file start37.tsv (TSV, C-alpha atoms and all ligand atoms)
chain	number	residue	atom	x	y	z
A	1	MET	CA	0.00	0.00	0.00
A	2	SER	CA	3.03	2.31	-0.28
A	3	ASP	CA	1.58	3.81	-3.45
A	4	HIS	CA	-1.69	4.60	-1.72
A	5	PRO	CA	-3.61	7.54	-3.14
A	6	LEU	CA	-4.72	9.00	0.18
A	7	PRO	CA	-3.28	12.12	1.76
A	8	PHE	CA	-3.22	10.57	5.24
A	9	PRO	CA	-3.28	12.94	8.20
A	10	VAL	CA	0.10	13.38	9.87
A	11	PHE	CA	0.39	11.55	13.18
A	12	ASP	CA	2.21	14.17	15.25
A	13	PRO	CA	4.20	13.37	18.38
A	14	GLY	CA	2.19	14.02	21.54
A	15	TRP	CA	-1.09	13.10	19.87
A	16	VAL	CA	-3.47	10.27	20.67
A	17	TRP	CA	-5.44	8.57	17.93
A	18	LEU	CA	-8.42	6.78	19.36
A	19	ALA	CA	-9.11	4.12	16.77
A	20	GLY	CA	-11.49	1.26	16.21
A	21	ALA	CA	-9.96	-2.08	15.22
A	22	GLY	CA	-13.19	-3.58	13.86
A	23	PRO	CA	-14.46	-6.99	14.94
A	24	GLY	CA	-11.23	-8.90	14.28
A	25	ASP	CA	-10.58	-9.60	10.61
A	26	PRO	CA	-7.76	-7.16	9.80
A	27	GLY	CA	-9.29	-6.50	6.40
A	28	LEU	CA	-12.05	-4.66	8.23
A	29	LEU	CA	-9.70	-1.98	9.55
A	30	THR	CA	-10.16	1.49	8.13
A	31	LEU	CA	-7.29	2.94	6.14
A	32	HIS	CA	-6.84	5.60	8.82
A	33	ALA	CA	-6.51	2.93	11.53
A	34	TRP	CA	-4.01	1.05	9.36
A	35	HIS	CA	-2.00	4.23	8.83
A	36	GLY	CA	-2.12	4.87	12.60
A	37	LEU	CA	-0.79	1.37	13.27
A	38	ARG	CA	2.07	1.92	10.82
A	39	SER	CA	3.01	5.33	12.29
A	40	ALA	CA	2.46	4.98	16.05
A	41	ASP	CA	5.26	4.86	18.62
A	42	VAL	CA	3.02	3.05	21.08
A	43	VAL	CA	-0.13	1.03	20.48
A	44	VAL	CA	-2.23	0.75	23.62
A	45	TYR	CA	-4.71	-2.01	22.85
A	46	ASP	CA	-7.54	-3.75	24.60
A	47	ALA	CA	-8.54	-7.40	24.77
A	48	LEU	CA	-10.70	-7.20	21.66
A	49	ALA	CA	-7.99	-5.97	19.30
A	50	SER	CA	-7.11	-9.16	17.42
A	51	ALA	CA	-3.59	-10.53	17.05
A	52	ALA	CA	-3.91	-10.27	13.28
A	53	VAL	CA	-4.69	-6.56	13.56
A	54	LEU	CA	-1.81	-5.93	15.97
A	55	SER	CA	0.60	-7.69	13.62
A	56	LEU	CA	0.12	-4.75	11.26
A	57	ALA	CA	1.81	-2.35	13.68
A	58	GLY	CA	5.03	-0.75	12.43
A	59	PRO	CA	8.29	-2.50	13.39
A	60	GLY	CA	9.24	0.29	15.81
A	61	ALA	CA	5.94	0.38	17.63
A	62	VAL	CA	5.71	-0.74	21.23
A	63	LEU	CA	2.58	-2.77	21.92
A	64	GLU	CA	1.12	-2.12	25.34
A	65	TYR	CA	-1.78	-4.13	26.65
A	66	ALA	CA	-4.56	-2.46	28.62
A	67	GLY	CA	-7.34	-4.87	29.36
A	68	LYS	CA	-8.42	-8.01	31.12
A	69	ARG	CA	-6.24	-11.06	30.85
A	70	GLY	CA	-6.33	-14.54	32.33
A	71	GLY	CA	-8.97	-13.65	34.88
A	72	ARG	CA	-6.79	-10.97	36.47
A	73	PRO	CA	-8.70	-7.80	37.30
A	74	SER	CA	-8.75	-5.32	34.47
A	75	PRO	CA	-6.88	-2.06	34.88
A	76	ARG	CA	-9.29	0.61	36.04
A	77	GLN	CA	-10.45	3.02	33.39
A	78	PRO	CA	-8.84	6.04	35.12
A	79	ASP	CA	-5.52	4.16	35.12
A	80	ILE	CA	-5.77	3.50	31.39
A	81	SER	CA	-6.63	7.12	30.68
A	82	ARG	CA	-3.76	8.29	32.91
A	83	ARG	CA	-1.33	6.02	31.07
A	84	ILE	CA	-2.39	7.29	27.65
A	85	ILE	CA	-2.04	10.90	28.80
A	86	GLN	CA	1.39	10.12	30.26
A	87	LEU	CA	2.61	8.58	26.98
A	88	ALA	CA	1.30	11.54	24.98
A	89	ARG	CA	3.03	13.97	27.33
A	90	GLN	CA	6.27	12.05	26.77
A	91	GLY	CA	5.90	13.08	23.13
A	92	LYS	CA	4.82	9.68	21.84
A	93	ARG	CA	2.42	9.09	18.98
A	94	VAL	CA	-0.14	7.00	20.84
A	95	LEU	CA	-2.54	4.77	19.00
A	96	ARG	CA	-5.29	3.78	21.40
A	97	LEU	CA	-6.78	0.78	19.68
A	98	LYS	CA	-10.14	-0.61	20.72
A	99	GLY	CA	-12.22	-3.45	19.34
A	100	GLY	CA	-15.04	-2.55	16.97
A	101	ASP	CA	-15.84	1.14	17.15
A	102	PRO	CA	-14.30	3.12	19.99
A	103	PHE	CA	-17.54	5.00	20.68
A	104	VAL	CA	-19.83	1.95	20.79
A	105	PHE	CA	-19.90	0.38	24.27
A	106	GLY	CA	-16.15	0.75	24.34
A	107	ARG	CA	-15.65	3.57	26.84
A	108	GLY	CA	-14.01	5.59	24.08
A	109	GLY	CA	-16.12	8.57	25.05
A	110	GLU	CA	-14.75	8.45	28.57
A	111	GLU	CA	-11.18	8.25	27.35
A	112	ALA	CA	-11.71	11.10	24.91
A	113	LEU	CA	-13.18	13.26	27.69
A	114	SER	CA	-10.15	12.60	29.85
A	115	LEU	CA	-7.90	13.67	26.96
A	116	VAL	CA	-9.91	16.87	26.63
A	117	ALA	CA	-9.58	17.51	30.35
A	118	ALA	CA	-5.82	16.94	30.15
A	119	GLY	CA	-5.43	19.14	27.07
A	120	VAL	CA	-4.02	16.27	24.99
A	121	PRO	CA	-4.82	16.60	21.26
A	122	PHE	CA	-6.53	13.63	19.69
A	123	ARG	CA	-8.24	12.26	16.61
A	124	VAL	CA	-11.05	9.70	16.58
A	125	ILE	CA	-11.00	6.94	13.97
A	126	PRO	CA	-14.31	5.08	13.87
A	127	GLY	CA	-14.30	1.34	13.34
A	128	ILE	CA	-16.75	-1.28	12.18
A	129	THR	CA	-18.72	-2.21	15.22
A	130	ALA	CA	-19.16	-5.92	15.92
A	131	GLY	CA	-22.93	-5.48	16.15
A	132	VAL	CA	-23.07	-4.55	12.47
A	133	GLY	CA	-19.96	-5.92	10.73
A	134	GLY	CA	-19.67	-9.00	12.92
A	135	LEU	CA	-23.25	-9.92	12.21
A	136	ALA	CA	-22.68	-9.39	8.49
A	137	TYR	CA	-20.01	-12.10	8.75
A	138	ALA	CA	-22.71	-14.36	10.16
A	139	GLY	CA	-24.98	-13.61	7.20
A	140	ILE	CA	-27.31	-11.46	9.28
A	141	PRO	CA	-28.20	-7.99	8.00
A	142	VAL	CA	-29.20	-5.71	10.88
A	143	THR	CA	-32.10	-4.31	8.88
A	144	HIS	CA	-34.21	-5.65	6.07
A	145	ARG	CA	-37.15	-3.82	4.53
A	146	ASP	CA	-39.51	-6.73	5.09
A	147	THR	CA	-38.69	-7.23	8.74
A	148	ASN	CA	-37.58	-4.12	10.59
A	149	HIS	CA	-37.39	-0.38	10.15
A	150	ALA	CA	-35.50	0.06	13.38
A	151	VAL	CA	-32.69	-1.64	15.17
A	152	THR	CA	-31.74	-1.26	18.82
A	153	PHE	CA	-28.26	-1.73	20.26
A	154	LEU	CA	-27.90	-2.40	23.95
A	155	THR	CA	-25.47	-3.77	26.45
A	156	GLY	CA	-26.38	-6.66	28.71
A	157	HIS	CA	-23.81	-5.66	31.28
A	158	ALA	CA	-23.62	-2.41	33.23
A	159	ALA	CA	-20.53	-1.01	34.95
A	160	THR	CA	-21.82	-2.61	38.16
A	161	GLY	CA	-21.63	-6.05	36.51
A	162	ASP	CA	-25.40	-6.44	36.56
A	163	VAL	CA	-28.03	-6.20	33.84
A	164	PRO	CA	-28.42	-2.46	33.20
A	165	ASP	CA	-31.40	-1.34	35.27
A	166	GLY	CA	-31.88	1.93	33.42
A	167	LEU	CA	-33.40	0.04	30.49
A	168	ASP	CA	-37.15	-0.07	29.97
A	169	TRP	CA	-37.46	-3.78	29.16
A	170	PRO	CA	-41.20	-3.81	28.39
A	171	ALA	CA	-40.68	-0.90	25.99
A	172	LEU	CA	-37.78	-2.72	24.33
A	173	ALA	CA	-39.84	-5.90	24.11
A	174	ARG	CA	-42.67	-4.04	22.37
A	175	GLY	CA	-40.82	-1.42	20.37
A	176	ALA	CA	-37.54	-2.87	19.19
A	177	PRO	CA	-38.12	-5.33	16.33
A	178	VAL	CA	-34.44	-6.28	16.26
A	179	LEU	CA	-32.29	-6.16	19.37
A	180	ILE	CA	-28.53	-6.45	19.19
A	181	VAL	CA	-27.09	-7.14	22.58
A	182	TYR	CA	-23.41	-6.61	23.37
A	183	MET	CA	-21.91	-8.28	26.46
A	184	ALA	CA	-25.03	-10.39	26.76
A	185	ILE	CA	-23.79	-13.85	27.65
A	186	LYS	CA	-23.51	-13.56	31.41
A	187	HIS	CA	-27.04	-12.28	31.90
A	188	LEU	CA	-28.73	-13.83	28.88
A	189	GLY	CA	-31.28	-15.75	30.96
A	190	THR	CA	-32.37	-12.57	32.75
A	191	ILE	CA	-32.49	-10.57	29.53
A	192	ALA	CA	-34.59	-13.18	27.74
A	193	ALA	CA	-36.95	-13.50	30.71
A	194	ARG	CA	-37.43	-9.72	30.90
A	195	LEU	CA	-38.22	-9.52	27.19
A	196	ILE	CA	-40.68	-12.40	27.37
A	197	ALA	CA	-42.31	-10.85	30.46
A	198	GLY	CA	-42.57	-7.64	28.43
A	199	GLY	CA	-44.57	-9.43	25.76
A	200	ARG	CA	-41.94	-10.76	23.39
A	201	ASP	CA	-42.70	-14.04	21.64
A	202	ALA	CA	-40.87	-16.87	23.40
A	203	ALA	CA	-40.24	-18.46	19.99
A	204	GLU	CA	-38.53	-15.38	18.56
A	205	PRO	CA	-35.38	-16.39	16.65
A	206	VAL	CA	-32.07	-15.63	18.31
A	207	ALA	CA	-28.53	-15.96	17.01
A	208	VAL	CA	-25.43	-15.90	19.18
A	209	VAL	CA	-22.34	-15.01	17.20
A	210	SER	CA	-18.98	-15.48	18.88
A	211	ASN	CA	-15.57	-14.42	17.61
A	212	ALA	CA	-17.27	-12.78	14.67
A	213	SER	CA	-15.09	-12.32	11.57
A	214	LEU	CA	-12.27	-14.45	13.02
A	215	SER	CA	-11.39	-17.98	11.97
A	216	THR	CA	-12.90	-19.11	15.28
A	217	GLN	CA	-16.28	-17.56	14.47
A	218	ARG	CA	-19.20	-19.68	15.69
A	219	ILE	CA	-22.92	-19.17	15.39
A	220	LEU	CA	-25.61	-20.67	17.51
A	221	GLU	CA	-29.19	-20.35	16.32
A	222	THR	CA	-31.80	-20.72	18.99
A	223	ARG	CA	-34.97	-19.07	20.30
A	224	LEU	CA	-35.64	-16.59	23.02
A	225	ASP	CA	-36.96	-18.97	25.66
A	226	ARG	CA	-34.11	-21.44	25.20
A	227	CYS	CA	-31.17	-19.22	24.36
A	228	ALA	CA	-29.49	-19.08	27.79
A	229	GLU	CA	-29.68	-22.85	28.18
A	230	ASP	CA	-28.39	-23.46	24.64
A	231	VAL	CA	-25.52	-21.03	25.17
A	232	ALA	CA	-24.52	-22.84	28.36
A	233	ASP	CA	-24.77	-26.26	26.66
A	234	ALA	CA	-22.69	-25.11	23.69
A	235	SER	CA	-20.08	-23.42	25.95
A	236	VAL	CA	-20.09	-20.30	23.80
A	237	GLU	CA	-16.81	-18.42	24.14
A	238	PRO	CA	-16.67	-14.66	24.52
A	239	PRO	CA	-16.73	-12.24	22.86
A	240	ALA	CA	-20.22	-12.91	21.63
A	241	LEU	CA	-23.15	-10.91	20.36
A	242	VAL	CA	-26.76	-11.81	20.67
A	243	VAL	CA	-29.24	-10.79	18.01
A	244	ILE	CA	-32.93	-11.18	18.62
A	245	GLY	CA	-35.48	-10.78	15.86
A	246	PRO	CA	-36.66	-11.91	12.45
A	247	VAL	CA	-33.44	-10.90	10.64
A	248	VAL	CA	-31.87	-14.02	12.12
A	249	ARG	CA	-33.87	-16.08	9.61
A	250	LEU	CA	-32.09	-14.43	6.71
A	251	ARG	CA	-28.96	-16.34	7.65
A	252	ALA	CA	-30.46	-19.43	6.06
A	253	ALA	CA	-29.93	-17.79	2.67
A	254	LEU	CA	-27.18	-15.26	3.38
A	255	ASP	CA	-24.50	-17.27	5.14
A	256	TRP	CA	-21.93	-16.25	2.53
A	257	LEU	CA	-19.00	-17.23	4.74
A	258	GLY	CA	-20.41	-20.72	5.23
A	259	ALA	CA	-20.89	-20.92	1.46
A	260	LEU	CA	-17.26	-19.93	0.92
A	261	ASN	CA	-16.31	-22.77	3.24
A	262	GLY	CA	-18.30	-25.18	1.13
A	263	GLU	CA	-21.34	-25.41	3.38
A	264	THR	CA	-24.77	-25.65	1.82
A	265	VAL	CA	-26.78	-22.49	2.01
A	266	LEU	CA	-30.52	-22.79	1.60
A	267	ASN	CA	-31.81	-21.26	-1.53
A	268	ALA	CA	-35.25	-20.78	-0.09
A	269	ASP	CA	-36.85	-17.48	0.79
A	270	PRO	CA	-36.22	-17.61	4.52
A	271	LEU	CA	-38.46	-14.69	5.41
A	272	HIS	CA	-41.57	-16.09	3.87
A	273	SER	CA	-41.15	-19.70	4.81
A	274	ARG	CA	-42.71	-18.78	8.16
A	275	SER	CA	-44.84	-15.97	9.44
A	276	LEU	CA	-42.88	-12.82	10.26
A	277	ASP	CA	-45.48	-11.55	12.65
A	278	ARG	CA	-44.24	-10.83	16.10
A	279	THR	CA	-46.48	-10.79	19.04
A	280	GLY	CA	-46.27	-7.77	21.25
A	301	LIG	N1	-16.50	-1.27	20.83
A	301	LIG	C1	-16.89	-2.63	20.52
A	301	LIG	C2	-17.76	-3.22	21.60
A	301	LIG	C3	-17.08	-3.35	22.94
A	301	LIG	S1	-18.09	-4.12	24.14
A	301	LIG	C4	-17.60	-2.66	19.17
A	301	LIG	O1	-17.96	-1.61	18.63
A	301	LIG	O2	-17.78	-3.75	18.61
A	301	LIG	C5	-17.56	-5.80	24.03
A	301	LIG	C6	-18.61	-6.65	23.38
A	301	LIG	O3	-18.58	-6.45	21.97
A	301	LIG	C7	-18.44	-8.12	23.55
A	301	LIG	O4	-18.94	-8.55	24.81
A	301	LIG	C8	-19.27	-8.65	22.42
A	301	LIG	O5	-20.64	-8.57	22.73
A	301	LIG	C9	-18.99	-7.63	21.34
A	301	LIG	N2	-17.92	-8.05	20.41
A	301	LIG	C10	-16.80	-7.37	20.11
A	301	LIG	N3	-16.08	-8.02	19.18
A	301	LIG	C11	-16.76	-9.15	18.88
A	301	LIG	C12	-16.55	-10.24	17.99
A	301	LIG	N4	-15.46	-10.32	17.20
A	301	LIG	N5	-17.47	-11.22	17.96
A	301	LIG	C13	-18.58	-11.16	18.72
A	301	LIG	N6	-18.83	-10.16	19.58
A	301	LIG	C14	-17.94	-9.16	19.66

call {"tool": "encode", "arguments": {"input": "start37.tsv", "output": "structure tokens"}}
result
Amino acid sequence: MSDHPLPFPVFDPGWVWLAGAGPGDPGLLTLHAWHGLRSADVVVYDALASAAVLSLAGPGAVLEYAGKRGGRPSPRQPDISRRIIQLARQGKRVLRLKGGDPFVFGRGGEEALSLVAAGVPFRVIPGITAGVGGLAYAGIPVTHRDTNHAVTFLTGHAATGDVPDGLDWPALARGAPVLIVYMAIKHLGTIAARLIAGGRDAAEPVAVVSNASLSTQRILETRLDRCAEDVADASVEPPALVVIGPVVRLRAALDWLGALNGETVLNADPLHSRSLDRTG
């Protein structure tokens, strides 16, 4: 890519670039993130930045891990922010690399605010969020004209470690035709029960996509009332996304990655092979 046509922004010393790494497949990096990886002095990465993405860092770049590992407690967010500010003040070009998009359930907003408070200049490089690009790798479009005119992203895990209690579950059950749940595995049983109690059809299709876009990608198709049990039985590995709603059925025809791997993809019209009506 040395003959690239883009006038890339200059990565100046003392700057932080807060970049998204996408869901894992390095081909899903943006060109700006790739340029940042090539130019950075230090790459401060979290647990979701894949090894394949990190291997694109320039030969002189120091890779510094900031995240959970091997069950050890994760560094506290203020410590991570302090470290990034410290490196920038040392005159380093700091690439802060986060999985997916830095501003989607990734605490990128918090880190950016701490940079503002510290007077450290920064650039934000969006990434492909797992809840869109990762699902595309599972053959699931997040919207389809025949199924949903809205899509709702939520996290199943609040800072306290519990199911977020600020969410209006009955309203989500009634009003969100497709729900894409990040960090959902731990509390999946509670989430499913709250949605069903709020009027959601117990038979609603659910897909659980783990390690999306990586060679270890796995997809479990289930239904709302059984999903927690099925996830436990299948020992689904994190990171995983849960998608609830009729778009899951499209996978039967759109599993392009499975087709590339020689698996049979149904040629049927998956949306009309069953009623799309939702209760609630
Ligand atoms: N900023 C990230 C999300 C961070 S929250 C983004 O935009 O994608 C962490 C959660 O993201 C995980 O618990 C999981 O739900 C989801 N996730 C991230 N990468 C994933 C992947 N490759 N496969 C499946 N889920 C993923």

call {"tool": "closest_residue", "arguments": {"input": "start37.tsv", "among": "A:Ala158, A:Pro121, A:His149, A:Gly22", "to": "Asp101 of chain A", "atoms": "all atoms listed in the file"}}
result
A:Gly22

call {"tool": "residues_near_ligand", "arguments": {"input": "start37.tsv", "ligand": "ligand LIG 301 (chain A)", "cutoff": "7 Å", "atoms": "only C-alpha atoms and all ligand atoms", "output": "count of residues only"}}
result
32

call {"tool": "residues_around", "arguments": {"input": "start37.tsv", "residues": "Gly258 of chain A", "least_positions_apart": "6", "cutoff": "10 Å", "atoms": "all atoms listed in the file", "output": "number ranges by chain"}}
result
A: 137-139, 251, 264-265

call {"tool": "residues_around", "arguments": {"input": "start37.tsv", "residues": "Ala19 of chain A", "least_positions_apart": "3", "cutoff": "9 Å", "atoms": "all atoms listed in the file", "output": "VMD selection string"}}
result
chain A and resid 32 to 33 36 95 to 102 108 123 to 127

call {"tool": "closest_residue", "arguments": {"input": "start37.tsv", "among": "A:Trp169, A:Phe8, A:Tyr65, A:Trp34", "to": "Ala49 of chain A", "atoms": "only C-alpha atoms"}}
result
A:Tyr65

call {"tool": "atom_distance", "arguments": {"input": "start37.tsv", "atom1": "atom CA of Phe122 of chain A", "atom2": "atom CA of Pro13 of chain A"}}
result
10.8 Å

call {"tool": "residues_near_point", "arguments": {"input": "start37.tsv", "point": "(-29.1, -15.4, 5.7)", "cutoff": "9 Å", "atoms": "only C-alpha atoms", "output": "PyMOL selection string"}}
result
chain A and resi 138-141+247-256+265-266+270

call {"tool": "atom_distance", "arguments": {"input": "start37.tsv", "atom1": "atom CA of Thr147 of chain A", "atom2": "atom CA of Ala259 of chain A"}}
result
23.6 Å

call {"tool": "atom_distance", "arguments": {"input": "start37.tsv", "atom1": "atom CA of Val62 of chain A", "atom2": "atom CA of Leu113 of chain A"}}
result
24.4 Å

call {"tool": "decode", "arguments": {"input": "start37.tsv", "residues": "segment 198-223 of chain A", "atoms": "N, CA, C and O atoms", "output": "mmCIF file, in the first residue's frame"}}
result
data_model
loop_
_atom_site.group_PDB
_atom_site.id
_atom_site.type_symbol
_atom_site.label_atom_id
_atom_site.label_comp_id
_atom_site.auth_asym_id
_atom_site.auth_seq_id
_atom_site.Cartn_x
_atom_site.Cartn_y
_atom_site.Cartn_z
ATOM 1 N N GLY A 198 -42.109 -8.884 29.053
ATOM 2 C CA GLY A 198 -42.570 -7.638 28.433
ATOM 3 C C GLY A 198 -43.419 -7.880 27.197
ATOM 4 O O GLY A 198 -43.816 -6.925 26.532
ATOM 5 N N GLY A 199 -43.659 -9.135 26.849
ATOM 6 C CA GLY A 199 -44.574 -9.433 25.756
ATOM 7 C C GLY A 199 -43.908 -9.991 24.507
ATOM 8 O O GLY A 199 -44.571 -10.225 23.500
ATOM 9 N N ARG A 200 -42.611 -10.230 24.564
ATOM 10 C CA ARG A 200 -41.937 -10.759 23.392
ATOM 11 C C ARG A 200 -42.272 -12.234 23.207
ATOM 12 O O ARG A 200 -42.359 -12.981 24.192
ATOM 13 N N ASP A 201 -42.396 -12.650 21.956
ATOM 14 C CA ASP A 201 -42.703 -14.044 21.640
ATOM 15 C C ASP A 201 -41.558 -14.948 22.115
ATOM 16 O O ASP A 201 -40.400 -14.731 21.736
ATOM 17 N N ALA A 202 -41.896 -15.957 22.886
ATOM 18 C CA ALA A 202 -40.873 -16.870 23.405
ATOM 19 C C ALA A 202 -40.156 -17.609 22.277
ATOM 20 O O ALA A 202 -39.024 -18.060 22.427
ATOM 21 N N ALA A 203 -40.837 -17.726 21.122
ATOM 22 C CA ALA A 203 -40.243 -18.462 19.994
ATOM 23 C C ALA A 203 -39.447 -17.555 19.048
ATOM 24 O O ALA A 203 -39.000 -17.998 17.996
ATOM 25 N N GLU A 204 -39.279 -16.321 19.419
ATOM 26 C CA GLU A 204 -38.529 -15.381 18.565
ATOM 27 C C GLU A 204 -37.138 -15.950 18.240
ATOM 28 O O GLU A 204 -36.434 -16.442 19.123
ATOM 29 N N PRO A 205 -36.715 -15.860 16.973
ATOM 30 C CA PRO A 205 -35.382 -16.392 16.650
ATOM 31 C C PRO A 205 -34.257 -15.554 17.257
ATOM 32 O O PRO A 205 -34.344 -14.338 17.327
ATOM 33 N N VAL A 206 -33.240 -16.264 17.685
ATOM 34 C CA VAL A 206 -32.072 -15.632 18.314
ATOM 35 C C VAL A 206 -30.826 -16.249 17.695
ATOM 36 O O VAL A 206 -30.781 -17.457 17.457
ATOM 37 N N ALA A 207 -29.841 -15.420 17.410
ATOM 38 C CA ALA A 207 -28.532 -15.956 17.015
ATOM 39 C C ALA A 207 -27.483 -15.435 17.986
ATOM 40 O O ALA A 207 -27.540 -14.280 18.412
ATOM 41 N N VAL A 208 -26.549 -16.291 18.324
ATOM 42 C CA VAL A 208 -25.430 -15.904 19.181
ATOM 43 C C VAL A 208 -24.173 -16.080 18.335
ATOM 44 O O VAL A 208 -23.878 -17.188 17.868
ATOM 45 N N VAL A 209 -23.494 -14.986 18.104
ATOM 46 C CA VAL A 209 -22.339 -15.014 17.195
ATOM 47 C C VAL A 209 -21.094 -14.733 18.021
ATOM 48 O O VAL A 209 -20.964 -13.652 18.609
ATOM 49 N N SER A 210 -20.202 -15.710 18.101
ATOM 50 C CA SER A 210 -18.985 -15.483 18.884
ATOM 51 C C SER A 210 -17.778 -15.422 17.954
ATOM 52 O O SER A 210 -17.763 -16.012 16.876
ATOM 53 N N ASN A 211 -16.804 -14.630 18.402
ATOM 54 C CA ASN A 211 -15.574 -14.418 17.612
ATOM 55 C C ASN A 211 -15.878 -14.034 16.170
ATOM 56 O O ASN A 211 -15.230 -14.522 15.231
ATOM 57 N N ALA A 212 -16.839 -13.178 16.006
ATOM 58 C CA ALA A 212 -17.273 -12.783 14.670
ATOM 59 C C ALA A 212 -16.110 -12.276 13.833
ATOM 60 O O ALA A 212 -15.257 -11.538 14.329
ATOM 61 N N SER A 213 -16.066 -12.711 12.608
ATOM 62 C CA SER A 213 -15.088 -12.324 11.573
ATOM 63 C C SER A 213 -13.720 -12.976 11.749
ATOM 64 O O SER A 213 -12.833 -12.777 10.928
ATOM 65 N N LEU A 214 -13.544 -13.735 12.832
ATOM 66 C CA LEU A 214 -12.271 -14.447 13.024
ATOM 67 C C LEU A 214 -12.418 -15.894 12.560
ATOM 68 O O LEU A 214 -13.545 -16.381 12.359
ATOM 69 N N SER A 215 -11.291 -16.601 12.458
ATOM 70 C CA SER A 215 -11.385 -17.984 11.970
ATOM 71 C C SER A 215 -12.130 -18.853 12.985
ATOM 72 O O SER A 215 -12.608 -19.940 12.661
ATOM 73 N N THR A 216 -12.210 -18.371 14.220
ATOM 74 C CA THR A 216 -12.899 -19.113 15.279
ATOM 75 C C THR A 216 -14.377 -18.721 15.396
ATOM 76 O O THR A 216 -15.038 -19.104 16.372
ATOM 77 N N GLN A 217 -14.868 -17.987 14.420
ATOM 78 C CA GLN A 217 -16.281 -17.561 14.472
ATOM 79 C C GLN A 217 -17.211 -18.771 14.624
ATOM 80 O O GLN A 217 -17.039 -19.782 13.946
ATOM 81 N N ARG A 218 -18.179 -18.634 15.517
ATOM 82 C CA ARG A 218 -19.200 -19.682 15.688
ATOM 83 C C ARG A 218 -20.567 -19.040 15.823
ATOM 84 O O ARG A 218 -20.682 -17.962 16.396
ATOM 85 N N ILE A 219 -21.561 -19.714 15.308
ATOM 86 C CA ILE A 219 -22.918 -19.169 15.386
ATOM 87 C C ILE A 219 -23.850 -20.217 15.945
ATOM 88 O O ILE A 219 -23.867 -21.366 15.496
ATOM 89 N N LEU A 220 -24.609 -19.793 16.921
ATOM 90 C CA LEU A 220 -25.606 -20.673 17.508
ATOM 91 C C LEU A 220 -26.968 -20.065 17.200
ATOM 92 O O LEU A 220 -27.210 -18.908 17.526
ATOM 93 N N GLU A 221 -27.833 -20.834 16.560
ATOM 94 C CA GLU A 221 -29.191 -20.347 16.319
ATOM 95 C C GLU A 221 -30.119 -21.016 17.312
ATOM 96 O O GLU A 221 -30.089 -22.231 17.488
ATOM 97 N N THR A 222 -30.938 -20.188 17.956
ATOM 98 C CA THR A 222 -31.798 -20.721 18.989
ATOM 99 C C THR A 222 -33.065 -19.873 19.037
ATOM 100 O O THR A 222 -33.396 -19.208 18.064
ATOM 101 N N ARG A 223 -33.792 -19.921 20.154
ATOM 102 C CA ARG A 223 -34.969 -19.068 20.296
ATOM 103 C C ARG A 223 -34.954 -18.445 21.679
ATOM 104 O O ARG A 223 -34.216 -18.899 22.560
#
